[in-house]
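S.K.: Mind looking over this structure? Questions follow.
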Amino acid sequence: MQSSDVGARERGKIWQRKPSPAAADGVIVNITHSVVGYHSKTIRFLHVAFDAAEETFLAGDHQGTIYLFDLSRNSFKLVQRTGQACTALAFNLRRATEYLVALADYSVKCFDTETKELVSWMRGHESTVSSISVHGSGRYAITTSSDAAQLWDLDTFQRKRKLNVHLSVGIQKVYFLPLSNTIISCFKDDSIFAWESDTLHCKYQLPVPEDESRITYRAFAVTRDGRALIAGGKSNFLHLWCLNARQLQRIIQMPPKVRTVRHLEFLPDSFDGGSSQVIGVLSQDGIMRFINIHTCKLLFDIGSLDNGINTVAISPNGHYIAAVLEDGSLSIYSVKALSQDLNKPPPPLVKVVTDNEKSKDSKNGVSGLKMRVMSGRVARPLRGKSTGKKIGTRVLKSPGSNMEDKENVLPAGLNKKRLQALLKEFGEYPEKYRMFIWRSLLQLPENHAAFSSLTDKGTHAGYLGIHEKYPIKSRKLLRILQRVLSAMAHWSVIFSEVSYLPLLAFPFVKLFQNNQLIGFEVVATVIINWCQNWFEYFPNPPINILSVVENILAHHDKELLQHLVKYNITSQLYAWPLMETLFSEVLTREEWLKLFDNVFSNHPSFLLVAIAAYLICSRTPLLQSNIKEDLEHFFHHRNNLDLSAVIKEAYHLMDTTPEDIHPKRMLDDFVPLTKGQYPIFNKYPKFVADYQTKERERIWHEELEYLKERQLTHGLHAESVKRQAENAAWYRQQQLLQEAEEQRRKILLEEEQKLVEQRVRLAATKRELKVKELQVLDAAHRRFLKHQQEQQKSELRRLDDEIDRKVVLRSRETAALIQDIDVRNMELEMQKKIFEQQLAKEQAAVTRGVKGHLDINWIKADVEEQKFKRLLEMDQVPDVEDYENTEGDPAKNDQLSANVSWQTQMLNKQRMYNLDQEKCQAELAQLASENREREIRLLQAMEEVEGKRWNEVVERHVELKASQREKAAADTLRPLLLDERSRALERGDDLYKNVFESLRDASTKCPTKQRRDPLHGSGEQIPGSLCLNNVSLDSSVQLSLDRGRSDLESKERELLTGVRELRQKLTTRARQRYSTNSSLTDGVTSIHY
């Protein structure tokens, strides 16, 4: 068998030379992963998984390192370092270079073997993923943990479905059935369901076995064609199910050594069509047995009791088996080598019949002289006439030869004589086979049931506190030691009293810690055979055995014995420490194993002889030691001593020691443990053990009573102390309460004082805040007033600018009007001169006419005067024509002068009126937009008043005309006078209308360039009109005109007075409005209303 260590290499060869596996074990190579450094250690492999297409497999260790092994190319390479222990592996994905690995953090990752990159990371499990099953197409995968199973789509790496179960039920395994779309789910209650992978509908359920045949399934396997399922659990029975018939087909019983089935795996065959016939069963002892499920014949097995198998994977072609062993190594087995004996050709069917005589002659001629040497005496054949005669031989055997042969024959085909010869030649057994040889030499019965009955009794009371006396670093090893010692104590009472039993049993327990049964039976066998007569003087050391060692030492090295006696070193000091520890204190592990290879291969007396040999080989340092403490230290610690010399000396002492002092005389031969039940061990003073038991019980009872009394005393003392403490605590509490009350009063006073001060500060703060708030409000108010003042100032500035602008505009308009007035004055002067010329011409004409009729007028003057007086009384309007006729030229001159003066006066008044109007317009320019409506209403009222007055004048004029017509009709003698009077009246009416129109135009501020002063006339002469300078009026006409003029002047003065008062009121209100914003609003409101 070859060994390979991957070490720190990332790639390399698996084996260095062509493998040639032996048929015995079939191991091709054993692979380990060790780390060399300050702390060298071996990294354990945990899981393996084969590829379906090639002879390659993945292996992951507990540090998360994943290796890819290719058996066909004899190579390996490191493909990933995950940093966490892997719990499951799966190959056979759709992409051949990808694989799945489940890690200790409950996640599943997909990696690529070529690029070494992470393809996907799948999460969702809340416990360790125990298995991964991939569908035949490589598209889907099922990951299983104890509480859930999840179906994944490997194209998108998304979870499709999740199966949750109750914790009390639990999932054992969920996997795809080969060559179908069926999912098999196995639960801890032995129920098995089949589901459709596409729809996840339940197809069927296998019937749960009856109570007597239930085995608590823990392992499952399915054939490659998916027709059969086999299940095993906590028994040596296997259930073979037919999935097509959905019923239990067969129950297979494994050998009695199999108590629990840990793993099941079918061994594929290229010629079975997928219906596998061979199943591999991995049991609790770490051995995997391959059997035929039809013939129930055991074909071969792999693994060993010393280094069992943890998990197994078989290649799809059935050529290789990859097994992870208990020591963490990885072994590759060849199925061809393991099944070599099974594949031998059958014996030939044709047999040849040979001649008997010829064969006899040939045999006599060739082998007749040969003899087989056997034990005992042999009667040699006679020579001479022996041709053609049969030679007979007889072997004479000694009577005890059969017994010796039986003693030398050991289980598993070993022979004790051959083992002793091998041991003498090499000095020790091979490390790999040592445990197997020991088990054969000691002939261990492996009584599982008996050992289970002992361990089921629990931990013995004598070893409950073993951890206090023997503090072992490994808790696992301590538990195993406690369990083995408890089983020894339950087997025999004496072992619960033996104080040195843990020292004696510890090396064997540590050596067989993976198999407690073997460790227990080895210790029991050693006590029965090599510890004979040790307990006769219990609880004292075995003086009789120690005297045997002393006798041997006295015979072979008297000087050494005398030296030890001289310094008061008895056998209890130099021999007993070696005996009670079985040399484990003075030897290393390798030396101890080498020594016990010889102890177990010889008579039980060899152990005592070895003690004497150890002393004799150590005589030089012992003879040089003169201090008792140094000598005692020598037998409790390791020393520089050649163990091979000790063993050689022990064999010499075995051969040269006289019979009378030889330990064989006192010790019996080796006797193995009985099979089925362990023998009764009572080779000890029972009364001493019973006495010690009774004494222990008595002491225990006394101790209990003492403990009770002490507990009661402690209770009373504790009660009194408690009461004293309670009283002291009460007084202390009262004192503390008083102090606390006073302190709290002080605190309350201080707090009240602080509260008052805080309130004062708070009030001051409030006042400050209020003052600040008022200041802020005042500042805001001032800022607002300032803002208003600035706005008002800006508004006043704007109004002043507007007033200035309008004043300038009005001054310009006034200047233009003055220029127009100057032009008009010039025109009036021109018209006046024209009128004066016309008046002069007319006056001359009138004068000539009046002189011709002067005489006639004088006569009629009186009559006309009377008539005129009557006319005045009737009409209150003088007759202009009669007056002209009566007065003549003087009256006409007076009239002309009066007209001229009247015209001048009217012009002056008109000029003053225009000036006043301009002043009013300048004052009202600022408020023109506000009082325009009121002025319009005022003008409308004026128009109405003037209209009424005008209507009165018109009516009077009509009446005057009517009276004139009547007078004309009555007095035909005076037509000219009446005509002139009517014309004069019409002229008066026109003058009044022109004056009213001029007043109205001035009030509405709409003067036109076409309007001219009515007193100065217009540019165009109205037909039928007459200029005042050209009209001569009589006194009556002059009186009527003066009366109308006086009325107009009085009304004009009244109107101007009202306008002035109105303008004063508006100016006053405007000034008040400009003082404040509110007064301005009130002023505007009063103007509108």
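Residue names in the structure tokens use chain letters A, B, ... in the order shown, residue numbers from 1 in each chain, and ligand numbers from 1 in the order shown.
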Do you know which residues are at most 9 Å from region 651-662 of chain A counting only C-alpha atoms, after dropping those on the same chain fewer than 3 positions away, and could you put them as a list in words?
M.R.: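 Contacts, in chain order: Val548, Asn551, Ile552, His555, His556, Ser605, Phe606, Val609, Ala610, Ala612, Ala613, Val646, Ile647, Lys648, Arg665 and Met666 of chain A.
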S.K.: Can you tell me, as a PyMOL selection string, what residues are no more than 9 Å from region 252-256 of chain A when counting only C-alpha atoms, ignoring any on the same chain fewer than 3 positions away?
M.R.: chain A and resi 235-240+259+281+293+296
S.K.: What does the structure give for the distance between CA of Pro316 (chain A) and CA of Arg224 (chain A), in Å to one decimal?
M.R.: 9.5 Å
S.K.: Measuring atom to atom with only C-alpha atoms, identify which of A:Glu98, A:Glu446, A:Glu590, A:Glu750 is nearest to Tyr429 (chain A).
M.R.: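 Ranking A:Glu98, A:Glu446, A:Glu590, A:Glu750 by distance to Tyr429 (chain A), first place goes to A:Glu590.
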S.K.: With only C-alpha atoms as the basis for distance, which of A:Leu151, A:Asn92, A:His714, A:Asp105 is at the shortest distance from Gly136 (chain A)?
M.R.: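 So, comparing all the options, the nearest one is A:Asn92.
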S.K.: Using only C-alpha atoms, which of the listed residues (A:Lys558, A:Lys476, A:Lys628, A:Lys841) sits closest to Ile616 (chain A)?
M.R.: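 The answer is A:Lys558, which sits nearest to Ile616 (chain A).
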S.K.: Which one of A:Val222, A:His294, A:Ile936, A:Gln788 sits closest to Gln249 (chain A) if you count only C-alpha atoms?
M.R.: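 For Gln249 (chain A), the nearest of the candidates is A:His294.
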S.K.: So which one's closest to Pro539 (chain A), A:Val498, A:Ala49, A:Val119, A:Ile527? Using only C-alpha atoms, please.
M.R.: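 Closest residue, counting only C-alpha atoms: A:Val498.
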S.K.: What does the distance from CA of Arg798 (chain A) to CA of His781 (chain A) come to in Å, to one decimal?
M.R.: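 Separation between CA of Arg798 (chain A) and CA of His781 (chain A): 24.6 Å.
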